[in-house]
Amino acid sequence: MSRPYTITTAISYPNGRPHIGHAYEVVATDAIARFQRIMGRDVFFQTGTDEHGLKMAQAARGRDMEPRALADEMSGYFKQMNDILNISYDRFIRTSEPDHHRASQAIWEAMEASGDLYLGRYEGWYSVRDEAFYDEKELVEGEGGQKLSPQATPVEWTVEESWFFRLSAYQQKLLNLYNSQPDFIQPDSRRNEIMRFVEGGLSDLSISRTSFDWGVKVPGSEGHVMYVWVDALTNYLTGCGYPDDAERMARYWSEGGDITHIIGKDIVRFHAVYWPAFLMSAKLPLPRQVFGHGFLLNRGEKMSKSVGNVADPMELADRFGVDQLRYFLLSEVTFGNDGSYSADAIVARSNSDLANSFGNLAQRTLSFIAKNLDGRLPQPAAQDADTELLAAVRQAAGTFEQAMTDLAPSVAIEAWMKAVFACNAYIDAQAPWALRKTDPARMEAVLATLYDAIASLAIMIQPVIPASAAALLDQMGVAGDRRGYDVIGADWYAGLRADGFILSAPKPLFPRLELTEADA
Ligand code: ME8
C-alpha cells in the first residue's frame with residue numbers, strides 16, 4: 001500500500017456563516033491533498049466544525065437558540081461551502097458527534113493516567129472570542145484603558161474550579177521538539193514567535209469549565225465540561241480512529257507519520273504548544289508539521305461584521321466560478337503571508353492567467369486541430385524548438401511538484417504559468433496557421449507538440465483547478481487513470497493517436513469575467 005499522508009484544516013466555529021478566510025484555508029489544504037493523491041499517496045484529509053465552548057453557547061443565546069440548533073444550521077453552511085468549492089475531504093467532522101466525544105474522553109483519561117491533570121481553581125483572564133486564557137503580562141491596553149487580549153479581543157476576569165494540565169512540565173520537551181525538528185512549525189516567522197513564547201516559561205493550563213455545560217463531559221467529574229480547545233484539537237485523532245480503531249490509527253496517525261496541520265496564524269500556539277504537549281502526555285505520536293498560513297484581508301483591511309466587508313465565498317464562487325476563485329486564492333497570496341482580495345483582483349487574475357493565457361492557448365490549438373484536421377491528432381516530427389518546449393514543460397512540472405510538496409502553492413502556480421507563457425511564445429513563433437498552406441507536415445508537428453504540452457499543463461494544474469483541468473483532459477481524450485505526474489513527459493500521445501482518437505470542437509473553459517459598477 002502507498003505511504004499514508006494525513007492532512008487537516010482547522011475546524012471552524014460555526015457561530016456564523018463561513019467567510020473567505022475559511023474558504024482560503026480549505027482550498028489551500030484541498031490543493032495539497034489532491035496533489036498528494038495524484039502523487040499516489042494514501043491521503044486522509046479532514047475538515048469540519050468546532051461546535052462546543054462558550055463562544056458557541058453565547059452566540060446561540062444571542063439568537064435565542066439552543067447551541068446544538070445553531071451548530072446544526074451553521075455547520076451545514078460550512079459543509080455546503082466545501083461541497084461548492086469542490087473540496088475533496090475524506091471526513092467532515094462535527095465535534096458534537098459521539099465518536100468525537102469518546103475520543104476526547106479517551107485522551108483526557110490518558111493524560112490523567114500520566115499524572116498531568118489536577119483539580120484546582122482558575123483565577124485569570126479569559127477571552128471568549130479567542131476561547132483562550134491569557135497571562136496578565138500578555139494583555140494590551142485598548143481604548144479607555146480597557147484590557148484586551150494580544151488579538152485585541154475583550155477579556156474577562158474568570159474565577160472557577162477547574163482541572164489543570166501540567167503544561168509547565170513540558171517546556172523543555174517542547175523546546176527539544178522544535179530544535180530537533182526545525183520544520184515542525186512553519187513558516188519560520190511563526191516558529192520564532194512560538195520559541196520565544198515557550199522560552200518565556202509556561203503556566204499550567206486550565207482545561208475544564210463549570211460555568212456552562214455545552215461541551216464534552218469530563219470523565220468522572222460531575223459539572224465539568226472540557227475546555228473547548230482540548231476537544232477541538234482532539235478532532236484530528238477522532239478522524240484517525242482514536243481510541244478504538246488501532247488499524248486506522250496505525251495508518252493515519254503513527255510515529256514518524258506524515259501528518260500536516262494547516263491552520264491560520266492566530267491559532268499556532270494551540271497547535272504548536274498545547275497540542276504536542278497533550279499528545280506527549282497521552283503517549284501518542286506527534287504530527288510532523290504545523291503550518292500557520294496568513295490572513296486574507298479585504299482590500300488590505302481586516303474583515304469584520306461591523307464594517308460590513310465580510311465576503312461570502314459561496315457568492316464569489318457563484319459569480320466568478322469555483323476554479324477562478326480557487327486559482328485566485330492560491331496564486332495571489334504567498335502561502336504563509338497575509339494577502340488581500342477584492343473583486344477586481346479576482347477578475348484581473350482570472351482573465352490574465354486563465355482566460356487569456358491558458359484558456360486561449362488550449363482553445364486556439366484545439367479548435368485549429370478540430371477544424372483543419374477534422375479532429376485527427378497531428379503527426380509529430382520533433383525539431384529542436386519542439387523538444388525544447390516539451391523539456392520546459394517537464395521542468396516546470398518538476399518545480400511544481402517540489403513546491404506543492406513544500407506547501408508553496410503560489411510558487412507551483414508561478415512555474416506552471418511560466419510554462420504556459422513558453423507555449424504561447426512557441427505558438428506565436430511557429431505560427432501554425434501560416435504553415436497550413438506552406439508546410440502542412442511542419443504544421444502538424446507544431447500542433448502535436450502543443451497537444452502534448454497542453455495536456456501536461458492540464459495534468460499539472462489539477463490540484464488547483466480540478467474541474468476545469470478534468471474537463472480539458474476529457475476533451476483531449478486523456479484517460480482518467482493517465483493523469484498522474486508520471487504521465488508528463490511519457491509517450492502517451494502516440495498511444496492516443498494509434499487508438500484513432502478524434503477531437504471534437506472544444507468548448508471554452510474560462511469565460512472573460514467582467515466587473516460591475518458595484519465593484520468600484
Ligand atoms: O480558530 N484569513 O476557528 P475559526 C485566513 N475553531 N484565515 C482565516 C481568517 C482570515 N481572514 N479568519 C480565520 C478556530 N481564519 C478554531 C480552530 S482547530 C482545532 C480549532 C482561519 O472559525 C483561522 O486562522 O475562528 C483558522 O485556521 C480557521 O480559519 C478557522 O477559524
# chains A, B, ... in the order shown; residues from 1 in each chain; ligands from 1
$ residues_near_ligand --ligand "ligand 1" --cutoff "9 Å" --atoms "only C-alpha atoms and all ligand atoms" --output "ChimeraX atom specification"
/A:9-16,18-26,49-51,129-131,228-236,262-268,270-271,292-298,302-303,338-339
$ write_last_selection --atoms "C-alpha atoms" --output "PDB file, in the first residue's frame"
ATOM      1  CA  THR A   9      -7.568  22.153   8.247  1.00  0.00           C
ATOM      2  CA  ALA A  10      -8.551  23.846  11.469  1.00  0.00           C
ATOM      3  CA  ILE A  11     -12.146  23.121  12.344  1.00  0.00           C
ATOM      4  CA  SER A  12     -14.200  26.310  12.177  1.00  0.00           C
ATOM      5  CA  TYR A  13     -16.512  27.753  14.799  1.00  0.00           C
ATOM      6  CA  PRO A  14     -19.989  27.508  13.335  1.00  0.00           C
ATOM      7  CA  ASN A  15     -21.172  30.585  15.244  1.00  0.00           C
ATOM      8  CA  GLY A  16     -21.831  32.330  11.929  1.00  0.00           C
ATOM      9  CA  PRO A  18     -18.250  30.847   6.610  1.00  0.00           C
ATOM     10  CA  HIS A  19     -16.204  33.741   5.227  1.00  0.00           C
ATOM     11  CA  ILE A  20     -13.488  33.947   2.614  1.00  0.00           C
ATOM     12  CA  GLY A  21     -10.744  33.263   5.201  1.00  0.00           C
ATOM     13  CA  HIS A  22     -12.326  29.861   5.861  1.00  0.00           C
ATOM     14  CA  ALA A  23     -12.550  29.222   2.122  1.00  0.00           C
ATOM     15  CA  TYR A  24      -8.904  30.168   1.689  1.00  0.00           C
ATOM     16  CA  GLU A  25      -7.700  27.631   4.248  1.00  0.00           C
ATOM     17  CA  VAL A  26      -9.784  24.771   2.959  1.00  0.00           C
ATOM     18  CA  THR A  49     -16.657  22.350  12.605  1.00  0.00           C
ATOM     19  CA  ASP A  50     -15.703  23.092  16.222  1.00  0.00           C
ATOM     20  CA  GLU A  51     -19.037  23.241  17.954  1.00  0.00           C
ATOM     21  CA  ARG A 129     -13.801  35.423  21.258  1.00  0.00           C
ATOM     22  CA  ASP A 130     -10.430  33.670  21.176  1.00  0.00           C
ATOM     23  CA  GLU A 131     -11.582  30.916  23.574  1.00  0.00           C
ATOM     24  CA  VAL A 228     -13.143  23.701  24.112  1.00  0.00           C
ATOM     25  CA  TRP A 229      -9.575  23.560  22.781  1.00  0.00           C
ATOM     26  CA  VAL A 230      -8.950  20.181  24.428  1.00  0.00           C
ATOM     27  CA  ASP A 231     -11.766  18.632  22.496  1.00  0.00           C
ATOM     28  CA  ALA A 232     -11.213  20.734  19.365  1.00  0.00           C
ATOM     29  CA  LEU A 233      -7.606  19.616  18.919  1.00  0.00           C
ATOM     30  CA  THR A 234      -8.607  16.023  19.540  1.00  0.00           C
ATOM     31  CA  ASN A 235     -10.747  16.106  16.375  1.00  0.00           C
ATOM     32  CA  TYR A 236      -7.617  15.160  14.448  1.00  0.00           C
ATOM     33  CA  ILE A 262      -2.860  23.606   8.048  1.00  0.00           C
ATOM     34  CA  ILE A 263      -4.139  26.418  10.262  1.00  0.00           C
ATOM     35  CA  GLY A 264      -4.222  30.199  10.448  1.00  0.00           C
ATOM     36  CA  LYS A 265      -1.517  32.239  12.139  1.00  0.00           C
ATOM     37  CA  ASP A 266      -3.808  33.212  15.056  1.00  0.00           C
ATOM     38  CA  ILE A 267      -4.026  29.664  16.385  1.00  0.00           C
ATOM     39  CA  VAL A 268      -0.454  28.445  16.051  1.00  0.00           C
ATOM     40  CA  PHE A 270      -2.737  25.962  20.339  1.00  0.00           C
ATOM     41  CA  HIS A 271      -1.352  23.639  17.678  1.00  0.00           C
ATOM     42  CA  GLY A 292       0.371  28.675  10.044  1.00  0.00           C
ATOM     43  CA  HIS A 293      -0.883  30.462   6.935  1.00  0.00           C
ATOM     44  CA  GLY A 294      -1.521  34.196   6.787  1.00  0.00           C
ATOM     45  CA  PHE A 295      -4.760  36.118   6.880  1.00  0.00           C
ATOM     46  CA  LEU A 296      -6.813  37.196   3.957  1.00  0.00           C
ATOM     47  CA  LEU A 297      -7.780  40.838   4.124  1.00  0.00           C
ATOM     48  CA  ASN A 298     -10.474  42.724   2.253  1.00  0.00           C
ATOM     49  CA  LYS A 302      -9.392  43.144   8.380  1.00  0.00           C
ATOM     50  CA  MET A 303     -12.818  41.660   7.693  1.00  0.00           C
ATOM     51  CA  ASP A 338      -1.134  37.789   4.566  1.00  0.00           C
ATOM     52  CA  GLY A 339      -2.924  38.645   1.363  1.00  0.00           C
TER      53      GLY A 339
END
$ residues_around --residues "Ile369 (chain A)" --least-positions-apart "3" --cutoff "12 Å" --atoms "only C-alpha atoms" --output "mmCIF file with N, CA and C atoms, in the first residue's frame"
data_model
loop_
_atom_site.group_PDB
_atom_site.id
_atom_site.type_symbol
_atom_site.label_atom_id
_atom_site.label_comp_id
_atom_site.auth_asym_id
_atom_site.auth_seq_id
_atom_site.Cartn_x
_atom_site.Cartn_y
_atom_site.Cartn_z
ATOM 1 N N ALA A 362 -5.218 26.758 -25.091
ATOM 2 C CA ALA A 362 -5.912 25.490 -25.336
ATOM 3 C C ALA A 362 -6.958 25.669 -26.429
ATOM 4 N N GLN A 363 -7.715 26.744 -26.319
ATOM 5 C CA GLN A 363 -8.819 26.951 -27.242
ATOM 6 C C GLN A 363 -8.332 27.095 -28.691
ATOM 7 N N ARG A 364 -7.317 27.930 -28.872
ATOM 8 C CA ARG A 364 -6.914 28.133 -30.269
ATOM 9 C C ARG A 364 -6.234 26.899 -30.845
ATOM 10 N N THR A 365 -5.486 26.174 -30.025
ATOM 11 C CA THR A 365 -4.829 24.958 -30.528
ATOM 12 C C THR A 365 -5.859 23.878 -30.858
ATOM 13 N N LEU A 366 -6.738 23.623 -29.909
ATOM 14 C CA LEU A 366 -7.667 22.511 -30.109
ATOM 15 C C LEU A 366 -8.684 22.820 -31.209
ATOM 16 N N ASN A 372 -9.163 22.065 -38.835
ATOM 17 C CA ASN A 372 -8.312 21.850 -40.010
ATOM 18 C C ASN A 372 -7.913 20.407 -40.239
ATOM 19 N N LEU A 373 -7.949 19.595 -39.185
ATOM 20 C CA LEU A 373 -7.596 18.178 -39.373
ATOM 21 C C LEU A 373 -8.814 17.290 -39.107
ATOM 22 N N ASP A 374 -9.967 17.909 -39.070
ATOM 23 C CA ASP A 374 -11.197 17.183 -38.732
ATOM 24 C C ASP A 374 -11.062 16.407 -37.427
ATOM 25 N N GLY A 375 -10.283 16.955 -36.504
ATOM 26 C CA GLY A 375 -10.160 16.336 -35.178
ATOM 27 C C GLY A 375 -9.132 15.209 -35.124
ATOM 28 N N ARG A 376 -8.526 14.868 -36.231
ATOM 29 C CA ARG A 376 -7.489 13.816 -36.230
ATOM 30 C C ARG A 376 -6.238 14.362 -35.535
ATOM 31 N N LEU A 377 -5.624 13.560 -34.675
ATOM 32 C CA LEU A 377 -4.469 14.085 -33.947
ATOM 33 C C LEU A 377 -3.270 14.207 -34.885
ATOM 34 N N PRO A 378 -2.589 15.360 -34.841
ATOM 35 C CA PRO A 378 -1.494 15.627 -35.782
ATOM 36 C C PRO A 378 -0.279 14.720 -35.571
ATOM 37 N N GLN A 379 0.443 14.554 -36.646
ATOM 38 C CA GLN A 379 1.632 13.681 -36.673
ATOM 39 C C GLN A 379 2.864 14.424 -36.129
ATOM 40 N N PRO A 432 1.460 28.172 -36.627
ATOM 41 C CA PRO A 432 0.958 27.001 -37.368
ATOM 42 C C PRO A 432 -0.082 27.361 -38.431
ATOM 43 N N TRP A 433 -0.876 28.431 -38.160
ATOM 44 C CA TRP A 433 -1.889 28.830 -39.162
ATOM 45 C C TRP A 433 -1.240 29.253 -40.483
ATOM 46 N N ARG A 436 -0.112 26.174 -42.665
ATOM 47 C CA ARG A 436 -1.163 25.312 -43.216
ATOM 48 C C ARG A 436 -1.006 25.140 -44.737
ATOM 49 N N MET A 443 3.323 22.013 -39.803
ATOM 50 C CA MET A 443 2.163 22.461 -39.035
ATOM 51 C C MET A 443 1.700 21.343 -38.087
ATOM 52 N N GLU A 444 1.646 20.133 -38.595
ATOM 53 C CA GLU A 444 1.209 19.005 -37.760
ATOM 54 C C GLU A 444 2.171 18.784 -36.594
ATOM 55 N N ALA A 445 3.453 18.897 -36.890
ATOM 56 C CA ALA A 445 4.438 18.672 -35.824
ATOM 57 C C ALA A 445 4.286 19.714 -34.715
ATOM 58 N N VAL A 446 4.033 20.951 -35.117
ATOM 59 C CA VAL A 446 3.849 22.019 -34.127
ATOM 60 C C VAL A 446 2.599 21.747 -33.283
ATOM 61 N N LEU A 447 1.531 21.378 -33.952
ATOM 62 C CA LEU A 447 0.277 21.118 -33.222
ATOM 63 C C LEU A 447 0.415 19.909 -32.302
ATOM 64 N N ALA A 448 1.163 18.897 -32.766
ATOM 65 C CA ALA A 448 1.372 17.701 -31.931
ATOM 66 C C ALA A 448 2.148 18.080 -30.670
ATOM 67 N N LEU A 450 2.175 21.005 -29.243
ATOM 68 C CA LEU A 450 1.273 21.775 -28.379
ATOM 69 C C LEU A 450 0.263 20.874 -27.678
ATOM 70 N N TYR A 451 -0.192 19.860 -28.387
ATOM 71 C CA TYR A 451 -1.174 18.940 -27.788
ATOM 72 C C TYR A 451 -0.579 18.286 -26.545
ATOM 73 N N MET A 476 -9.648 16.206 -24.414
ATOM 74 C CA MET A 476 -8.448 15.804 -25.145
ATOM 75 C C MET A 476 -8.251 14.297 -25.187
ATOM 76 N N ILE A 502 -10.514 11.016 -31.916
ATOM 77 C CA ILE A 502 -10.920 12.179 -32.728
ATOM 78 C C ILE A 502 -11.363 13.304 -31.792
ATOM 79 N N LEU A 503 -10.741 14.432 -31.956
ATOM 80 C CA LEU A 503 -11.038 15.596 -31.121
ATOM 81 C C LEU A 503 -12.277 16.322 -31.647
ATOM 82 N N SER A 504 -13.218 16.595 -30.723
ATOM 83 C CA SER A 504 -14.396 17.383 -31.134
ATOM 84 C C SER A 504 -14.083 18.865 -30.952
ATOM 85 N N ALA A 505 -14.931 19.713 -31.508
ATOM 86 C CA ALA A 505 -14.742 21.163 -31.347
ATOM 87 C C ALA A 505 -14.762 21.474 -29.850
ATOM 88 N N PRO A 506 -13.701 22.104 -29.325
ATOM 89 C CA PRO A 506 -13.598 22.310 -27.876
ATOM 90 C C PRO A 506 -14.543 23.405 -27.380
#
$ residues_around --residues "region 457-469 of chain A" --least-positions-apart "2" --cutoff "8 Å" --atoms "only C-alpha atoms" --output "VMD selection string"
chain A and resid 30 to 35 86 323 to 324 326 to 327 330 393 397 400 413 416 419 to 420 453 to 455 471 to 473 483 to 485 488 509
$ write_last_selection --atoms "C-alpha atoms" --output "PDB file, in the first residue's frame"
ATOM      1  CA  ASP A  30      -7.549  20.678  -0.684  1.00  0.00           C
ATOM      2  CA  ALA A  31      -4.974  21.509  -3.357  1.00  0.00           C
ATOM      3  CA  ILE A  32      -2.250  19.874  -1.278  1.00  0.00           C
ATOM      4  CA  ALA A  33      -4.409  16.820  -0.568  1.00  0.00           C
ATOM      5  CA  ARG A  34      -5.288  16.443  -4.247  1.00  0.00           C
ATOM      6  CA  PHE A  35      -1.637  16.836  -5.205  1.00  0.00           C
ATOM      7  CA  ASN A  86     -15.006  21.099  -4.742  1.00  0.00           C
ATOM      8  CA  ASP A 323     -11.956  27.292 -10.231  1.00  0.00           C
ATOM      9  CA  GLN A 324     -11.453  31.002 -10.840  1.00  0.00           C
ATOM     10  CA  ARG A 326      -9.589  28.693  -6.174  1.00  0.00           C
ATOM     11  CA  TYR A 327      -6.945  29.817  -8.640  1.00  0.00           C
ATOM     12  CA  LEU A 330      -3.735  30.094  -4.361  1.00  0.00           C
ATOM     13  CA  VAL A 393       7.078  21.922 -19.580  1.00  0.00           C
ATOM     14  CA  ALA A 397       6.318  20.039 -13.671  1.00  0.00           C
ATOM     15  CA  PHE A 400       5.528  22.350  -9.450  1.00  0.00           C
ATOM     16  CA  ILE A 413       1.489  28.054  -9.952  1.00  0.00           C
ATOM     17  CA  TRP A 416       3.051  26.465 -14.332  1.00  0.00           C
ATOM     18  CA  ALA A 419       5.345  27.113 -18.951  1.00  0.00           C
ATOM     19  CA  VAL A 420       2.033  28.489 -20.259  1.00  0.00           C
ATOM     20  CA  ALA A 453       2.268  20.412 -23.793  1.00  0.00           C
ATOM     21  CA  ILE A 454      -1.334  21.457 -23.116  1.00  0.00           C
ATOM     22  CA  ALA A 455      -2.305  18.045 -21.735  1.00  0.00           C
ATOM     23  CA  ALA A 471     -12.924  18.973 -18.464  1.00  0.00           C
ATOM     24  CA  LEU A 472      -9.958  19.813 -20.672  1.00  0.00           C
ATOM     25  CA  LEU A 473      -8.362  16.379 -20.258  1.00  0.00           C
ATOM     26  CA  ARG A 483      -3.415  11.829 -15.289  1.00  0.00           C
ATOM     27  CA  GLY A 484      -0.587  11.326 -12.803  1.00  0.00           C
ATOM     28  CA  TYR A 485       2.580  13.416 -12.856  1.00  0.00           C
ATOM     29  CA  ILE A 488       4.096  14.263 -18.105  1.00  0.00           C
ATOM     30  CA  LEU A 509     -13.165  26.755 -20.362  1.00  0.00           C
TER      31      LEU A 509
END
$ atom_distance --atom1 "CA of Thr260 (chain A)" --atom2 "CA of Tyr274 (chain A)"
16.0 Å
$ closest_residue --among "A:Phe335, A:Tyr426, A:Phe212, A:Tyr242" --to "Ala28 (chain A)" --atoms "only C-alpha atoms"
A:Phe335
$ select_by_dssp --residues "region 47-234 of chain A" --states "strand (DSSP E or B)" --output "JSON, numbers by chain"
{"A": [47, 48, 49, 91, 92, 93, 94, 117, 118, 119, 120, 121, 122, 123, 124, 125, 126, 127, 132, 133, 134, 140, 141, 147, 148, 154, 156, 157, 158, 159, 160, 161, 162, 163, 164, 165, 185, 186, 205, 206, 208, 209, 217, 225, 226]}
$ closest_residue --among "A:Thr449, A:Ser162, A:Ser104, A:Ser410" --to "Leu117 (chain A)" --atoms "only C-alpha atoms"
A:Ser162
$ select_by_dssp --residues "region 323-456 of chain A" --states "alpha helix (DSSP H)" --output "MDAnalysis selection string"
chainID A and resid 323:332 343:349 360:372 384:405 409:430 432:438 440:456
$ write_last_selection --atoms "C-alpha atoms" --output "compact mmCIF listing (two decimals), in the first residue's frame"
# COMPACT_ATOMS: atom_id res chain seq x y z
CA ASP A 323 -11.96 27.29 -10.23
CA GLN A 324 -11.45 31.00 -10.84
CA LEU A 325 -11.82 31.63 -7.11
CA ARG A 326 -9.59 28.69 -6.17
CA TYR A 327 -6.94 29.82 -8.64
CA PHE A 328 -7.06 33.36 -7.35
CA LEU A 329 -6.72 32.33 -3.70
CA LEU A 330 -3.74 30.09 -4.36
CA SER A 331 -1.86 32.19 -6.89
CA GLU A 332 -2.33 35.64 -5.43
CA ALA A 343 -13.48 41.58 -6.90
CA ASP A 344 -11.18 43.44 -9.30
CA ALA A 345 -8.16 41.37 -8.23
CA ILE A 346 -10.09 38.12 -8.81
CA VAL A 347 -11.26 39.32 -12.22
CA ALA A 348 -7.82 40.59 -13.24
CA ARG A 349 -6.04 37.40 -12.21
CA ASN A 360 -6.73 30.86 -25.05
CA LEU A 361 -3.74 28.58 -25.67
CA ALA A 362 -5.91 25.49 -25.34
CA GLN A 363 -8.82 26.95 -27.24
CA ARG A 364 -6.91 28.13 -30.27
CA THR A 365 -4.83 24.96 -30.53
CA LEU A 366 -7.67 22.51 -30.11
CA SER A 367 -10.13 24.34 -32.32
CA PHE A 368 -7.48 24.58 -35.02
CA ILE A 369 -7.00 20.80 -34.91
CA ALA A 370 -10.73 20.15 -34.80
CA LYS A 371 -11.31 22.40 -37.77
CA ASN A 372 -8.31 21.85 -40.01
CA ASP A 384 14.71 21.39 -31.61
CA ALA A 385 12.06 24.01 -30.84
CA ASP A 386 9.55 21.22 -30.13
CA THR A 387 11.75 19.19 -27.81
CA GLU A 388 12.83 22.40 -26.07
CA LEU A 389 9.25 23.36 -25.36
CA LEU A 390 8.39 19.92 -24.02
CA ALA A 391 11.54 19.96 -21.89
CA ALA A 392 10.49 23.34 -20.46
CA VAL A 393 7.08 21.92 -19.58
CA ARG A 394 8.68 18.90 -17.94
CA GLN A 395 10.96 21.14 -15.95
CA ALA A 396 8.02 23.24 -14.81
CA ALA A 397 6.32 20.04 -13.67
CA GLY A 398 9.38 19.23 -11.56
CA THR A 399 9.28 22.67 -9.93
CA PHE A 400 5.53 22.35 -9.45
CA GLU A 401 5.89 19.01 -7.67
CA GLN A 402 8.62 20.25 -5.38
CA ALA A 403 6.73 23.42 -4.49
CA MET A 404 3.50 21.56 -3.71
CA THR A 405 5.43 19.08 -1.59
CA PRO A 409 1.19 26.55 -4.00
CA SER A 410 1.88 30.06 -5.32
CA VAL A 411 5.41 29.02 -6.28
CA ALA A 412 3.98 25.94 -8.02
CA ILE A 413 1.49 28.05 -9.95
CA GLU A 414 4.20 30.50 -10.97
CA ALA A 415 6.19 27.66 -12.54
CA TRP A 416 3.05 26.46 -14.33
CA MET A 417 2.33 29.96 -15.63
CA LYS A 418 5.87 30.28 -16.93
CA ALA A 419 5.35 27.11 -18.95
CA VAL A 420 2.03 28.49 -20.26
CA PHE A 421 3.88 31.62 -21.43
CA ALA A 422 6.51 29.44 -23.10
CA CYS A 423 3.75 27.66 -25.03
CA ASN A 424 2.21 30.94 -26.12
CA ALA A 425 5.61 32.23 -27.24
CA TYR A 426 6.11 28.97 -29.17
CA ILE A 427 2.74 29.15 -30.90
CA ASP A 428 3.42 32.76 -31.94
CA ALA A 429 6.92 31.93 -33.20
CA GLN A 430 5.85 28.78 -35.08
CA PRO A 432 0.96 27.00 -37.37
CA TRP A 433 -1.89 28.83 -39.16
CA ALA A 434 0.67 30.24 -41.63
CA LEU A 435 2.15 26.74 -42.16
CA ARG A 436 -1.16 25.31 -43.22
CA LYS A 437 -0.59 26.18 -46.86
CA THR A 438 3.23 26.28 -46.96
CA PRO A 440 1.43 21.10 -43.62
CA ALA A 441 3.78 18.46 -42.19
CA ARG A 442 5.53 21.06 -40.05
CA MET A 443 2.16 22.46 -39.03
CA GLU A 444 1.21 19.00 -37.76
CA ALA A 445 4.44 18.67 -35.82
CA VAL A 446 3.85 22.02 -34.13
CA LEU A 447 0.28 21.12 -33.22
CA ALA A 448 1.37 17.70 -31.93
CA THR A 449 3.92 19.40 -29.67
CA LEU A 450 1.27 21.77 -28.38
CA TYR A 451 -1.17 18.94 -27.79
CA ASP A 452 1.33 17.18 -25.58
CA ALA A 453 2.27 20.41 -23.79
CA ILE A 454 -1.33 21.46 -23.12
CA ALA A 455 -2.31 18.04 -21.74
CA SER A 456 0.78 18.16 -19.50
$ closest_residue --among "A:Asp90, A:Glu193, A:Asp213, A:Glu138" --to "Gln58 (chain A)" --atoms "only C-alpha atoms"
A:Asp213
